[in-house]
>>> print(open('start_26.cif').read())   # mmCIF, C-alpha atoms
data_structure
#
loop_
_atom_site.label_atom_id
_atom_site.label_comp_id
_atom_site.auth_asym_id
_atom_site.auth_seq_id
_atom_site.Cartn_x
_atom_site.Cartn_y
_atom_site.Cartn_z
CA MET A 1 -24.09 19.25 12.08
CA ILE A 2 -22.34 18.91 15.44
CA ARG A 3 -24.85 21.18 17.14
CA ARG A 4 -27.71 19.26 15.58
CA TYR A 5 -26.31 15.98 16.88
CA LEU A 6 -25.80 17.41 20.39
CA ARG A 7 -29.32 18.86 20.43
CA GLN A 8 -30.70 15.51 19.28
CA LYS A 9 -28.88 13.48 21.94
CA PHE A 10 -29.06 15.78 24.93
CA GLY A 11 -32.63 16.76 24.04
CA SER A 12 -33.75 13.25 24.88
CA ILE A 13 -34.50 12.83 28.58
CA GLY A 14 -34.02 9.05 28.37
CA ILE A 15 -30.50 9.42 27.06
CA VAL A 16 -29.62 12.04 29.67
CA ILE A 17 -30.90 9.76 32.48
CA ALA A 18 -29.05 6.74 31.07
CA LEU A 19 -25.82 8.72 30.81
CA GLY A 20 -26.31 10.13 34.30
CA VAL A 21 -26.74 6.68 35.84
CA LEU A 22 -23.74 5.29 33.93
CA SER A 23 -21.66 8.28 34.98
CA LEU A 24 -22.56 7.85 38.66
CA LEU A 25 -21.80 4.11 38.61
CA THR A 26 -18.47 4.56 36.83
CA ALA A 27 -17.43 7.47 39.06
CA GLY A 28 -18.23 5.37 42.14
CA GLU A 29 -16.14 2.48 40.85
CA ILE A 30 -13.21 4.75 39.99
CA ALA A 31 -13.29 6.36 43.42
CA ALA A 32 -13.61 2.99 45.18
CA ILE A 33 -10.67 1.29 43.50
CA GLY A 34 -8.62 4.44 42.89
CA ARG A 35 -7.89 3.64 39.25
CA ALA A 36 -8.97 5.94 36.44
CA ALA A 37 -8.40 3.23 33.83
CA VAL A 38 -11.95 2.08 34.66
CA LEU A 39 -13.16 5.10 32.67
CA GLU A 40 -12.28 3.20 29.52
CA SER A 41 -14.37 0.11 30.25
CA GLY A 42 -17.09 2.10 32.06
CA GLY A 43 -17.42 4.49 29.13
CA PHE A 44 -18.17 1.68 26.69
CA PHE A 45 -21.90 1.63 27.39
CA ALA A 46 -22.10 5.41 27.40
CA LEU A 47 -20.54 5.46 23.98
CA LEU A 48 -23.00 2.86 22.75
CA VAL A 49 -25.83 5.11 23.94
CA LEU A 50 -24.29 8.10 22.17
CA ALA A 51 -23.15 6.50 18.93
CA ALA A 52 -25.78 3.84 18.21
CA ALA A 53 -27.85 4.39 15.06
CA SER A 54 -26.31 7.81 14.55
CA VAL A 55 -26.92 7.82 10.80
CA SER A 56 -29.53 5.10 10.32
CA LYS A 57 -32.02 6.82 12.63
CA ASP A 58 -31.85 10.04 10.63
CA ALA A 59 -32.19 8.06 7.42
CA SER A 60 -35.24 6.10 8.57
CA SER A 61 -37.01 9.17 9.96
CA GLY A 62 -36.55 11.10 6.75
CA ALA A 63 -34.49 13.83 8.45
CA LEU A 64 -31.39 12.88 6.50
CA GLN A 65 -33.11 13.47 3.19
CA MET A 66 -34.15 16.95 4.35
CA ILE A 67 -30.59 17.72 5.46
CA LEU A 68 -29.10 16.48 2.21
CA ALA A 69 -31.52 18.62 0.22
CA ARG A 70 -29.33 21.53 1.31
CA PRO A 71 -26.07 22.21 -0.53
CA ILE A 72 -23.81 20.49 1.97
CA ARG A 73 -21.34 17.74 1.30
CA ARG A 74 -22.29 14.34 2.61
CA VAL A 75 -18.97 13.93 4.36
CA ASP A 76 -19.65 17.16 6.27
CA TYR A 77 -22.79 15.56 7.68
CA LEU A 78 -21.01 12.28 8.43
CA PHE A 79 -17.95 13.75 10.10
CA GLY A 80 -20.19 16.23 11.91
CA ARG A 81 -21.94 13.23 13.49
CA TYR A 82 -18.57 11.70 14.34
CA CYS A 83 -17.25 14.87 15.97
CA GLY A 84 -20.57 15.27 17.77
CA ILE A 85 -20.30 11.77 19.24
CA LEU A 86 -16.77 12.45 20.46
CA LEU A 87 -17.71 15.85 21.89
CA ALA A 88 -20.69 14.39 23.74
CA TYR A 89 -18.51 11.56 25.01
CA ALA A 90 -15.84 14.04 26.12
CA ALA A 91 -18.51 15.87 28.14
CA TYR A 92 -19.59 12.55 29.68
CA VAL A 93 -15.99 11.63 30.56
CA ALA A 94 -15.35 15.08 32.06
CA ALA A 95 -18.50 14.84 34.19
CA THR A 96 -17.62 11.30 35.33
CA GLY A 97 -14.07 12.35 36.19
CA ALA A 98 -15.33 15.32 38.20
CA LEU A 99 -17.78 13.07 40.07
CA ALA A 100 -15.02 10.53 40.76
CA LEU A 101 -12.84 13.26 42.27
CA LEU A 102 -15.78 14.34 44.38
CA PHE A 103 -16.52 10.79 45.56
CA SER A 104 -12.90 9.84 46.16
CA PRO A 105 -12.39 11.36 49.64
CA LEU A 106 -15.89 10.28 50.67
CA LEU A 107 -15.38 6.65 49.67
CA GLY A 108 -11.88 6.76 51.12
CA LYS A 109 -13.41 7.45 54.53
CA LEU A 110 -16.25 4.97 54.10
CA LEU A 111 -14.22 2.04 52.75
CA GLY A 112 -11.05 2.76 54.65
CA GLY A 113 -8.47 0.35 53.24
CA GLY A 114 -7.41 -0.46 49.69
CA ASN A 115 -6.98 2.26 47.12
CA ALA A 116 -10.21 4.09 47.91
CA GLY A 117 -9.59 7.80 48.28
CA LYS A 118 -6.20 7.62 46.56
CA LEU A 119 -7.27 8.84 43.16
CA SER A 120 -4.74 11.24 41.67
CA PRO A 121 -5.86 14.00 39.26
CA ALA A 122 -2.97 13.18 36.88
CA ASP A 123 -4.09 9.55 36.73
CA LEU A 124 -7.63 10.74 36.13
CA VAL A 125 -6.59 12.98 33.23
CA ARG A 126 -4.65 10.11 31.66
CA GLY A 127 -7.61 7.76 32.14
CA ALA A 128 -9.98 10.30 30.57
CA ALA A 129 -7.68 10.88 27.59
CA GLY A 130 -7.26 7.12 27.11
CA SER A 131 -10.99 6.62 27.29
CA LEU A 132 -11.58 9.33 24.69
CA LEU A 133 -8.99 7.84 22.35
CA SER A 134 -10.53 4.38 22.65
CA ALA A 135 -13.91 5.95 21.96
CA ALA A 136 -12.55 7.35 18.68
CA LEU A 137 -12.27 3.80 17.35
CA LEU A 138 -15.59 2.46 18.63
CA ALA A 139 -17.41 5.55 17.34
CA ALA A 140 -15.78 5.09 13.93
CA VAL A 141 -16.82 1.42 13.82
CA LEU A 142 -20.42 2.19 14.77
CA LEU A 143 -20.58 5.08 12.31
CA PHE A 144 -19.27 2.82 9.57
CA PHE A 145 -21.93 0.18 10.22
CA SER A 146 -24.61 2.83 10.62
CA THR A 147 -24.05 4.07 7.06
CA PHE A 148 -25.47 0.89 5.55
CA LEU A 149 -27.36 -0.99 8.30
CA ARG A 150 -30.83 -0.16 9.54
CA GLY A 151 -31.83 0.89 13.05
CA TYR A 152 -29.54 -0.47 15.75
CA GLY A 153 -27.93 -2.89 13.31
CA ASP A 154 -24.64 -1.06 13.87
CA VAL A 155 -24.47 -2.14 17.53
CA LEU A 156 -25.45 -5.69 16.64
CA ALA A 157 -22.82 -5.76 13.90
CA TYR A 158 -20.17 -4.53 16.33
CA PHE A 159 -20.96 -7.33 18.81
CA LEU A 160 -21.05 -9.91 16.03
CA LEU A 161 -17.72 -8.68 14.74
CA SER A 162 -16.20 -8.93 18.24
CA LEU A 163 -17.57 -12.47 18.60
CA MET A 164 -16.28 -13.51 15.20
CA LEU A 165 -12.83 -12.16 16.00
CA SER A 166 -12.75 -14.03 19.33
CA ALA A 167 -13.95 -17.31 17.83
CA PRO A 168 -10.61 -18.56 16.40
CA ASP A 169 -8.92 -18.02 19.77
CA VAL A 170 -11.68 -19.91 21.61
CA LEU A 171 -11.87 -22.72 19.05
CA SER A 172 -8.11 -23.25 18.79
CA ARG A 173 -7.97 -25.21 22.04
CA PRO A 174 -10.71 -27.82 21.51
CA LEU A 175 -9.57 -28.21 17.91
CA GLY A 176 -5.92 -28.50 18.97
CA MET A 177 -4.84 -25.90 16.44
CA PRO A 178 -2.67 -23.23 18.11
CA TRP A 179 -2.13 -21.48 14.75
CA LEU A 180 -5.85 -20.65 14.70
CA SER A 181 -5.39 -18.65 17.87
CA LYS A 182 -2.51 -16.70 16.30
CA LEU A 183 -4.67 -16.00 13.25
CA GLY A 184 -7.56 -14.77 15.41
CA ILE A 185 -5.31 -12.51 17.43
CA ALA A 186 -3.74 -11.02 14.30
CA ALA A 187 -7.21 -10.35 12.87
CA ARG A 188 -8.46 -8.79 16.10
CA GLU A 189 -5.38 -6.62 16.49
CA ASN A 190 -5.89 -5.16 13.03
CA ILE A 191 -9.68 -4.94 12.88
CA LEU A 192 -10.48 -3.95 16.47
CA PRO A 193 -7.09 -2.94 17.90
CA ARG A 194 -6.61 -2.12 21.55
CA VAL A 195 -3.96 0.30 22.71
CA PRO A 196 -2.63 0.51 26.27
CA TRP A 197 -3.33 4.23 26.45
CA GLU A 198 -2.17 4.49 30.06
CA GLU A 199 1.34 3.52 28.95
CA VAL A 200 1.27 5.53 25.73
CA LEU A 201 0.13 8.66 27.58
CA ARG A 202 3.07 8.23 29.92
CA GLY A 203 5.28 8.44 26.83
CA GLN A 204 6.01 4.71 26.59
CA ASN A 205 5.50 2.74 23.35
CA VAL A 206 4.09 5.75 21.50
CA VAL A 207 5.38 4.43 18.17
CA SER A 208 4.40 0.80 18.63
CA PRO A 209 2.49 -1.68 16.44
CA ALA A 210 -0.57 -1.09 18.64
CA THR A 211 -0.71 2.66 17.92
CA GLY A 212 -0.06 2.02 14.22
CA GLU A 213 -2.90 -0.48 14.05
CA PHE A 214 -5.17 1.93 15.90
CA VAL A 215 -4.50 4.94 13.65
CA LEU A 216 -4.92 2.88 10.50
CA ALA A 217 -8.12 1.24 11.75
CA VAL A 218 -9.78 4.55 12.70
CA THR A 219 -8.80 6.13 9.38
CA ALA A 220 -9.96 3.09 7.42
CA TYR A 221 -13.37 2.90 9.16
CA LEU A 222 -13.99 6.62 8.60
CA THR A 223 -12.87 6.47 4.98
CA PHE A 224 -15.04 3.45 4.21
CA ALA A 225 -17.95 5.11 6.02
CA ALA A 226 -17.50 8.27 3.94
CA TRP A 227 -17.20 6.28 0.73
CA ILE A 228 -20.33 4.21 1.36
CA PHE A 229 -22.34 7.14 2.66
CA SER A 230 -21.42 9.39 -0.25
CA ARG A 231 -22.54 6.77 -2.78
CA ARG A 232 -25.79 5.65 -1.16
CA GLU A 233 -29.17 6.85 -2.26
CA PHE A 234 -31.68 7.36 0.53
CA SER A 235 -35.40 7.04 0.00
CA TYR A 236 -37.99 8.98 2.01
CA GLY A 237 -39.66 7.49 5.04
CA HIS A 238 -37.59 4.36 5.45
CA ASP A 239 -33.95 3.41 5.24
CA MET B 240 -33.76 13.33 -5.49
CA ALA B 241 -34.09 9.69 -6.51
CA THR B 242 -36.15 7.36 -4.41
CA THR B 243 -34.48 3.97 -4.79
CA ASP B 244 -31.68 2.40 -2.84
CA GLU B 245 -30.14 0.72 -5.88
CA LYS B 246 -28.85 3.84 -7.56
CA VAL B 247 -25.37 5.08 -6.77
CA ARG B 248 -24.83 8.77 -6.29
CA THR B 249 -22.22 10.79 -8.05
CA GLY B 250 -21.84 14.56 -8.09
CA PRO B 251 -20.37 17.41 -6.05
CA GLN B 252 -22.32 16.53 -2.88
CA SER B 253 -20.93 13.01 -2.93
CA ARG B 254 -17.34 13.94 -3.69
CA LEU B 255 -14.86 12.86 -1.05
CA PRO B 256 -12.43 15.53 0.13
CA ARG B 257 -8.87 15.02 -1.05
CA ILE B 258 -7.56 15.38 2.50
CA LEU B 259 -9.18 12.06 3.34
CA PHE B 260 -6.89 10.26 0.91
CA TRP B 261 -3.88 12.06 2.37
CA LEU B 262 -4.98 10.98 5.84
CA VAL B 263 -5.25 7.36 4.72
CA ALA B 264 -1.79 7.59 3.13
CA ALA B 265 -0.38 9.10 6.35
CA ALA B 266 -2.00 6.36 8.44
CA LEU B 267 -0.51 3.70 6.16
CA VAL B 268 2.94 5.26 6.43
CA PHE B 269 2.60 5.41 10.23
CA ARG B 270 1.52 1.76 10.29
CA ILE B 271 4.62 0.77 8.31
CA VAL B 272 6.84 2.84 10.61
CA THR B 273 5.37 1.17 13.69
CA LEU B 274 5.77 -2.25 12.07
CA VAL B 275 9.44 -1.57 11.44
CA ALA B 276 9.89 -0.11 14.93
CA GLY B 277 8.15 -3.15 16.41
CA ARG B 278 10.59 -5.55 14.79
CA GLY B 279 13.17 -4.76 17.45
CA THR B 280 10.92 -6.36 20.05
CA LYS B 281 10.11 -9.41 17.96
CA ASP B 282 12.03 -11.73 20.26
CA GLU B 283 9.31 -11.07 22.84
CA GLY B 284 6.84 -12.94 20.69
CA ALA B 285 8.78 -15.66 18.98
CA ALA B 286 8.80 -18.73 21.19
CA GLY B 287 7.10 -21.99 20.24
CA LEU B 288 3.45 -22.35 19.32
CA VAL B 289 2.15 -19.95 21.93
CA ALA B 290 0.39 -16.86 20.58
CA TRP B 291 2.43 -14.35 22.56
CA ARG B 292 0.98 -10.89 22.89
CA PRO B 293 2.97 -7.71 23.16
CA ARG B 294 3.39 -7.08 26.89
CA GLU B 295 1.43 -3.85 26.92
CA LYS B 296 -1.44 -5.33 24.89
CA ALA B 297 -1.83 -8.41 27.08
CA ALA B 298 -2.32 -6.26 30.16
CA SER B 299 -4.93 -4.07 28.50
CA ALA B 300 -6.75 -7.04 26.93
CA ALA B 301 -7.04 -8.91 30.25
CA ARG B 302 -10.14 -7.00 31.28
CA SER B 303 -11.94 -7.19 27.95
CA GLU B 304 -11.20 -10.87 27.35
CA GLY B 305 -11.68 -11.98 30.95
CA LYS B 306 -8.47 -14.01 31.06
CA PRO B 307 -5.47 -13.63 33.33
CA VAL B 308 -2.11 -12.56 31.92
CA LEU B 309 0.70 -15.13 31.90
CA TYR B 310 4.06 -13.36 32.03
CA ASP B 311 7.10 -15.36 30.97
CA PHE B 312 10.13 -13.59 32.45
CA THR B 313 13.00 -14.80 30.34
CA ALA B 314 16.45 -13.86 29.08
CA ALA B 315 18.49 -14.66 25.98
CA TRP B 316 21.44 -16.07 28.02
CA CYS B 317 19.25 -18.29 30.24
CA VAL B 318 19.62 -21.98 29.29
CA PRO B 319 16.55 -23.29 31.18
CA CYS B 320 14.55 -20.57 29.38
CA HIS B 321 15.51 -22.13 26.03
CA ARG B 322 14.41 -25.53 27.33
CA LEU B 323 11.12 -24.02 28.35
CA ASP B 324 10.77 -22.45 24.89
CA THR B 325 11.34 -25.71 23.01
CA GLU B 326 9.87 -28.33 25.37
CA GLY B 327 7.13 -26.22 26.91
CA TRP B 328 5.98 -23.51 24.54
CA GLY B 329 6.81 -25.72 21.56
CA ASP B 330 4.38 -28.41 22.71
CA SER B 331 0.94 -28.18 21.10
CA ARG B 332 -0.88 -29.32 24.30
CA VAL B 333 0.85 -26.63 26.38
CA ALA B 334 0.34 -24.03 23.63
CA SER B 335 -3.39 -24.83 23.43
CA LEU B 336 -3.71 -24.61 27.21
CA VAL B 337 -1.91 -21.27 27.30
CA ASN B 338 -3.67 -19.77 24.28
CA GLY B 339 -7.07 -20.84 25.55
CA SER B 340 -6.82 -19.83 29.19
CA TYR B 341 -4.29 -17.00 29.38
CA LEU B 342 -3.06 -13.88 27.68
CA PRO B 343 0.59 -14.84 27.32
CA ALA B 344 3.27 -12.15 27.25
CA ARG B 345 7.04 -12.49 27.26
CA VAL B 346 9.19 -10.16 29.30
CA VAL B 347 12.75 -10.43 27.99
CA ASP B 348 15.47 -9.25 30.36
CA ARG B 349 18.20 -7.24 28.57
CA GLU B 350 20.30 -6.20 31.54
CA ARG B 351 23.31 -8.35 30.59
CA GLU B 352 23.23 -7.31 26.95
CA ASP B 353 22.35 -3.62 27.23
CA GLY B 354 23.44 -2.79 30.77
CA LYS B 355 19.90 -1.94 31.81
CA ASN B 356 16.30 -2.83 31.08
CA PRO B 357 13.58 -0.52 29.74
CA ALA B 358 11.66 1.09 32.61
CA ALA B 359 8.50 -0.93 31.92
CA ILE B 360 10.40 -4.25 32.25
CA ASP B 361 12.14 -3.12 35.43
CA GLU B 362 8.78 -2.16 36.88
CA LEU B 363 7.27 -5.58 36.07
CA GLN B 364 10.26 -7.42 37.55
CA ARG B 365 9.99 -5.35 40.71
CA ARG B 366 6.24 -5.75 40.97
CA TYR B 367 6.42 -9.55 40.80
CA SER B 368 9.76 -9.85 42.67
CA VAL B 369 11.45 -11.71 39.81
CA ARG B 370 14.78 -13.04 41.07
CA ALA B 371 15.50 -15.83 38.59
CA PHE B 372 14.85 -16.88 35.02
CA PRO B 373 12.61 -18.28 33.81
CA THR B 374 9.81 -17.12 36.08
CA LEU B 375 6.18 -17.47 35.16
CA VAL B 376 3.68 -15.12 36.76
CA VAL B 377 -0.08 -15.29 36.39
CA ALA B 378 -1.75 -11.93 37.09
CA ASP B 379 -5.31 -10.66 36.93
CA ALA B 380 -6.57 -7.65 34.94
CA ASP B 381 -5.58 -5.29 37.74
CA GLY B 382 -2.04 -6.68 37.80
CA ARG B 383 -2.47 -8.63 41.05
CA GLU B 384 -0.39 -11.78 41.25
CA ILE B 385 -2.40 -15.01 41.14
CA ALA B 386 0.38 -17.60 40.90
CA LYS B 387 4.10 -17.78 40.33
CA LEU B 388 6.54 -20.47 39.17
CA GLU B 389 10.28 -19.99 39.44
CA GLY B 390 12.58 -22.04 37.22
CA TYR B 391 11.71 -24.76 34.75
CA GLY B 392 11.43 -28.29 36.06
CA GLY B 393 10.02 -30.09 33.05
CA LYS B 394 6.87 -30.14 30.97
CA GLU B 395 4.67 -31.99 33.47
CA GLY B 396 5.37 -29.43 36.17
CA LEU B 397 4.62 -26.66 33.74
CA VAL B 398 1.28 -28.20 32.71
CA ARG B 399 0.36 -28.72 36.38
CA PHE B 400 1.17 -25.10 37.18
CA LEU B 401 -0.83 -23.82 34.21
CA GLU B 402 -3.84 -25.99 35.01
CA GLU B 403 -3.84 -25.17 38.72
CA SER B 404 -3.45 -21.42 38.12
CA ARG B 405 -6.40 -21.24 35.76
CA GLY B 406 -9.10 -21.27 38.39
CA LYS B 407 -7.25 -19.27 41.04
CA THR B 408 -8.08 -15.75 42.11
CA PRO B 409 -5.56 -13.32 43.60
CA ALA B 410 -4.89 -13.43 47.33
CA ARG B 411 -6.34 -10.23 48.85
#
>>> encode(input="start_26.cif", output="structure tokens")
Amino acid sequence: MIRRYLRQKFGSIGIVIALGVLSLLTAGEIAAIGRAAVLESGGFFALLVLAAASVSKDASSGALQMILARPIRRVDYLFGRYCGILLAYAAYVAATGALALLFSPLLGKLLGGGNAGKLSPADLVRGAAGSLLSAALLAAVLLFFSTFLRGYGDVLAYFLLSLMLSAPDVLSRPLGMPWLSKLGIAARENILPRVPWEEVLRGQNVVSPATGEFVLAVTAYLTFAAWIFSRREFSYGHD
Amino acid sequence: MATTDEKVRTGPQSRLPRILFWLVAAALVFRIVTLVAGRGTKDEGAAGLVAWRPREKAASAARSEGKPVLYDFTAAWCVPCHRLDTEGWGDSRVASLVNGSYLPARVVDREREDGKNPAAIDELQRRYSVRAFPTLVVADADGREIAKLEGYGGKEGLVRFLEESRGKTPAR
């Protein structure tokens, strides 16, 4: 299943070009500001490219029905897709990191001041690991939505979810209700948690509420995805 | 193979592996452990109506939410800090201003109580040259200082500082 996913993604020239452009842009930014933490935000779009419609596309094309005609467990297919997304993303992160290291001395000379050219390999490794760990959550969320939404509905659902979780915080001020902000933050921290991986990978706050929320959220998304996917019936030709 | 979406599948192909349930149980246990472990730092998020974020989360959320971080450097023994907590952070207008425009995070000094601070707190105090309590520091997503207020001189001064710092960008 992993190989099939990788063949599917890297067999598409459009996806390879999109990932290449994103990789070049992110590597340039990392080298220019000398901070590998950019890999996390820069990798977001790459992960969207890799993880969007990962199940729904197979379902709508009819490929899923052919795969499931074989004696394999549905969760094997689903987690194969998940591992494939993370493997492909790891390759993207590794390539971007290597490019950033390559650009770093060059941009250091060109830009002169600031942090350009001061990228450390240790920082880069931490940034890459943090980026990969953050990707584990986003990929799980998209996979979850992809098990029951059509086409690119998973990406749309992710953005809608992010908006909905930000709304209480934004509305609390004009409505003069500070408790609404607290409620929104609590919801966001549990549904789409963010972990300061840079700190955690330095050995600080490893056992913190943030890491607990993260582990539970990833496990919950994958479990719900497996549960929904294993109970759905797929018809031929359309999802 | 059935051809409708309404039917629900059961059978060996649809069976969920038992390890998945163990993983969920382990994740739940870990979540409880982290909750209990996080209680020790609860004082960092317990002042007034402001929705304080854990220090580490505020910094990482600054980029994604597009807001600057507002650090409140405080200490348990500091009397003006308590005034700030009740008069400032306890005021709904101030709390709304802070919650809407900043990612607020409290940095509680423990040097007097414990003899030393955790490394992360020491690093923050050094980075923003904190010499007194309370000190408020507004910083951008990259940690660059935008504005700083030392001491607490009343609610009006606090509101002025918070409103003025909102639109500022860091000095390069």
>>> closest_residue(input="start_26.cif", among="A:Val49, A:Met1, A:Leu222, A:Val215", to="A:Leu68", atoms="only C-alpha atoms")
A:Met1
>>> resolve_selection(input="start_26.cif", expression="the PyMOL selection byres ((chain B and resi 397) around 12)", output="ChimeraX atom specification")
/B:311,322-324,326-328,330,332-334,336-337,373-376,387-396,398-404
>>> closest_residue(input="start_26.cif", among="B:Tyr341, B:Trp316, B:Phe372, B:Tyr367", to="chain A", atoms="only C-alpha atoms")
B:Tyr341
>>> closest_residue(input="start_26.cif", among="B:Gly354, B:Pro293, B:Gly382, B:Pro307", to="chain A", atoms="all atoms listed in the file")
B:Pro293
>>> atom_distance(input="start_26.cif", atom1="atom CA of A:Val170", atom2="atom CA of A:Phe214")
23.5 Å
>>> atom_distance(input="start_26.cif", atom1="atom CA of A:Leu156", atom2="atom CA of A:Ala53")
10.5 Å
>>> atom_distance(input="start_26.cif", atom1="atom CA of A:Ala139", atom2="atom CA of A:Leu24")
22.1 Å
>>> decode(input="start_26.cif", residues="stretch 134-152 of chain A", atoms="N, CA and C atoms", output="PDB file, in the first residue's frame")
ATOM      1  N   SER A 134       4.794  17.421  13.327  1.00  0.00           N
ATOM      2  CA  SER A 134       3.584  18.225  13.096  1.00  0.00           C
ATOM      3  C   SER A 134       2.779  17.643  11.935  1.00  0.00           C
ATOM      4  N   ALA A 135       3.513  17.139  10.938  1.00  0.00           N
ATOM      5  CA  ALA A 135       2.845  16.560   9.764  1.00  0.00           C
ATOM      6  C   ALA A 135       2.038  15.325  10.144  1.00  0.00           C
ATOM      7  N   ALA A 136       2.473  14.629  11.192  1.00  0.00           N
ATOM      8  CA  ALA A 136       1.754  13.414  11.618  1.00  0.00           C
ATOM      9  C   ALA A 136       0.319  13.763  12.007  1.00  0.00           C
ATOM     10  N   LEU A 137       0.128  14.936  12.609  1.00  0.00           N
ATOM     11  CA  LEU A 137      -1.221  15.333  13.011  1.00  0.00           C
ATOM     12  C   LEU A 137      -2.048  15.784  11.802  1.00  0.00           C
ATOM     13  N   LEU A 138      -1.469  16.662  11.000  1.00  0.00           N
ATOM     14  CA  LEU A 138      -2.223  17.176   9.843  1.00  0.00           C
ATOM     15  C   LEU A 138      -2.609  16.037   8.898  1.00  0.00           C
ATOM     16  N   ALA A 139      -1.675  15.108   8.692  1.00  0.00           N
ATOM     17  CA  ALA A 139      -1.967  13.962   7.811  1.00  0.00           C
ATOM     18  C   ALA A 139      -3.097  13.113   8.393  1.00  0.00           C
ATOM     19  N   ALA A 140      -3.102  12.953   9.708  1.00  0.00           N
ATOM     20  CA  ALA A 140      -4.161  12.167  10.359  1.00  0.00           C
ATOM     21  C   ALA A 140      -5.517  12.860  10.213  1.00  0.00           C
ATOM     22  N   VAL A 141      -5.514  14.195  10.343  1.00  0.00           N
ATOM     23  CA  VAL A 141      -6.767  14.954  10.211  1.00  0.00           C
ATOM     24  C   VAL A 141      -7.304  14.816   8.783  1.00  0.00           C
ATOM     25  N   LEU A 142      -6.425  15.019   7.804  1.00  0.00           N
ATOM     26  CA  LEU A 142      -6.862  14.945   6.403  1.00  0.00           C
ATOM     27  C   LEU A 142      -7.323  13.534   6.042  1.00  0.00           C
ATOM     28  N   LEU A 143      -6.617  12.539   6.554  1.00  0.00           N
ATOM     29  CA  LEU A 143      -7.002  11.148   6.289  1.00  0.00           C
ATOM     30  C   LEU A 143      -8.377  10.860   6.884  1.00  0.00           C
ATOM     31  N   PHE A 144      -8.589  11.372   8.079  1.00  0.00           N
ATOM     32  CA  PHE A 144      -9.883  11.181   8.755  1.00  0.00           C
ATOM     33  C   PHE A 144     -11.018  11.760   7.901  1.00  0.00           C
ATOM     34  N   PHE A 145     -10.839  13.008   7.464  1.00  0.00           N
ATOM     35  CA  PHE A 145     -11.895  13.637   6.656  1.00  0.00           C
ATOM     36  C   PHE A 145     -12.050  12.946   5.302  1.00  0.00           C
ATOM     37  N   SER A 146     -10.931  12.447   4.780  1.00  0.00           N
ATOM     38  CA  SER A 146     -10.955  11.831   3.458  1.00  0.00           C
ATOM     39  C   SER A 146     -11.728  10.506   3.457  1.00  0.00           C
ATOM     40  N   THR A 147     -11.916   9.916   4.637  1.00  0.00           N
ATOM     41  CA  THR A 147     -12.623   8.622   4.669  1.00  0.00           C
ATOM     42  C   THR A 147     -14.123   8.784   4.444  1.00  0.00           C
ATOM     43  N   PHE A 148     -14.640   9.996   4.649  1.00  0.00           N
ATOM     44  CA  PHE A 148     -16.094  10.135   4.436  1.00  0.00           C
ATOM     45  C   PHE A 148     -16.486  11.356   3.598  1.00  0.00           C
ATOM     46  N   LEU A 149     -15.517  12.187   3.182  1.00  0.00           N
ATOM     47  CA  LEU A 149     -15.860  13.331   2.330  1.00  0.00           C
ATOM     48  C   LEU A 149     -15.365  13.083   0.915  1.00  0.00           C
ATOM     49  N   ARG A 150     -16.038  13.674  -0.045  1.00  0.00           N
ATOM     50  CA  ARG A 150     -15.666  13.461  -1.444  1.00  0.00           C
ATOM     51  C   ARG A 150     -14.563  14.416  -1.887  1.00  0.00           C
ATOM     52  N   GLY A 151     -13.835  14.002  -2.900  1.00  0.00           N
ATOM     53  CA  GLY A 151     -12.830  14.852  -3.556  1.00  0.00           C
ATOM     54  C   GLY A 151     -11.898  15.524  -2.561  1.00  0.00           C
ATOM     55  N   TYR A 152     -11.766  16.862  -2.728  1.00  0.00           N
ATOM     56  CA  TYR A 152     -10.878  17.614  -1.836  1.00  0.00           C
ATOM     57  C   TYR A 152     -11.636  18.179  -0.631  1.00  0.00           C
TER      58      TYR A 152
END
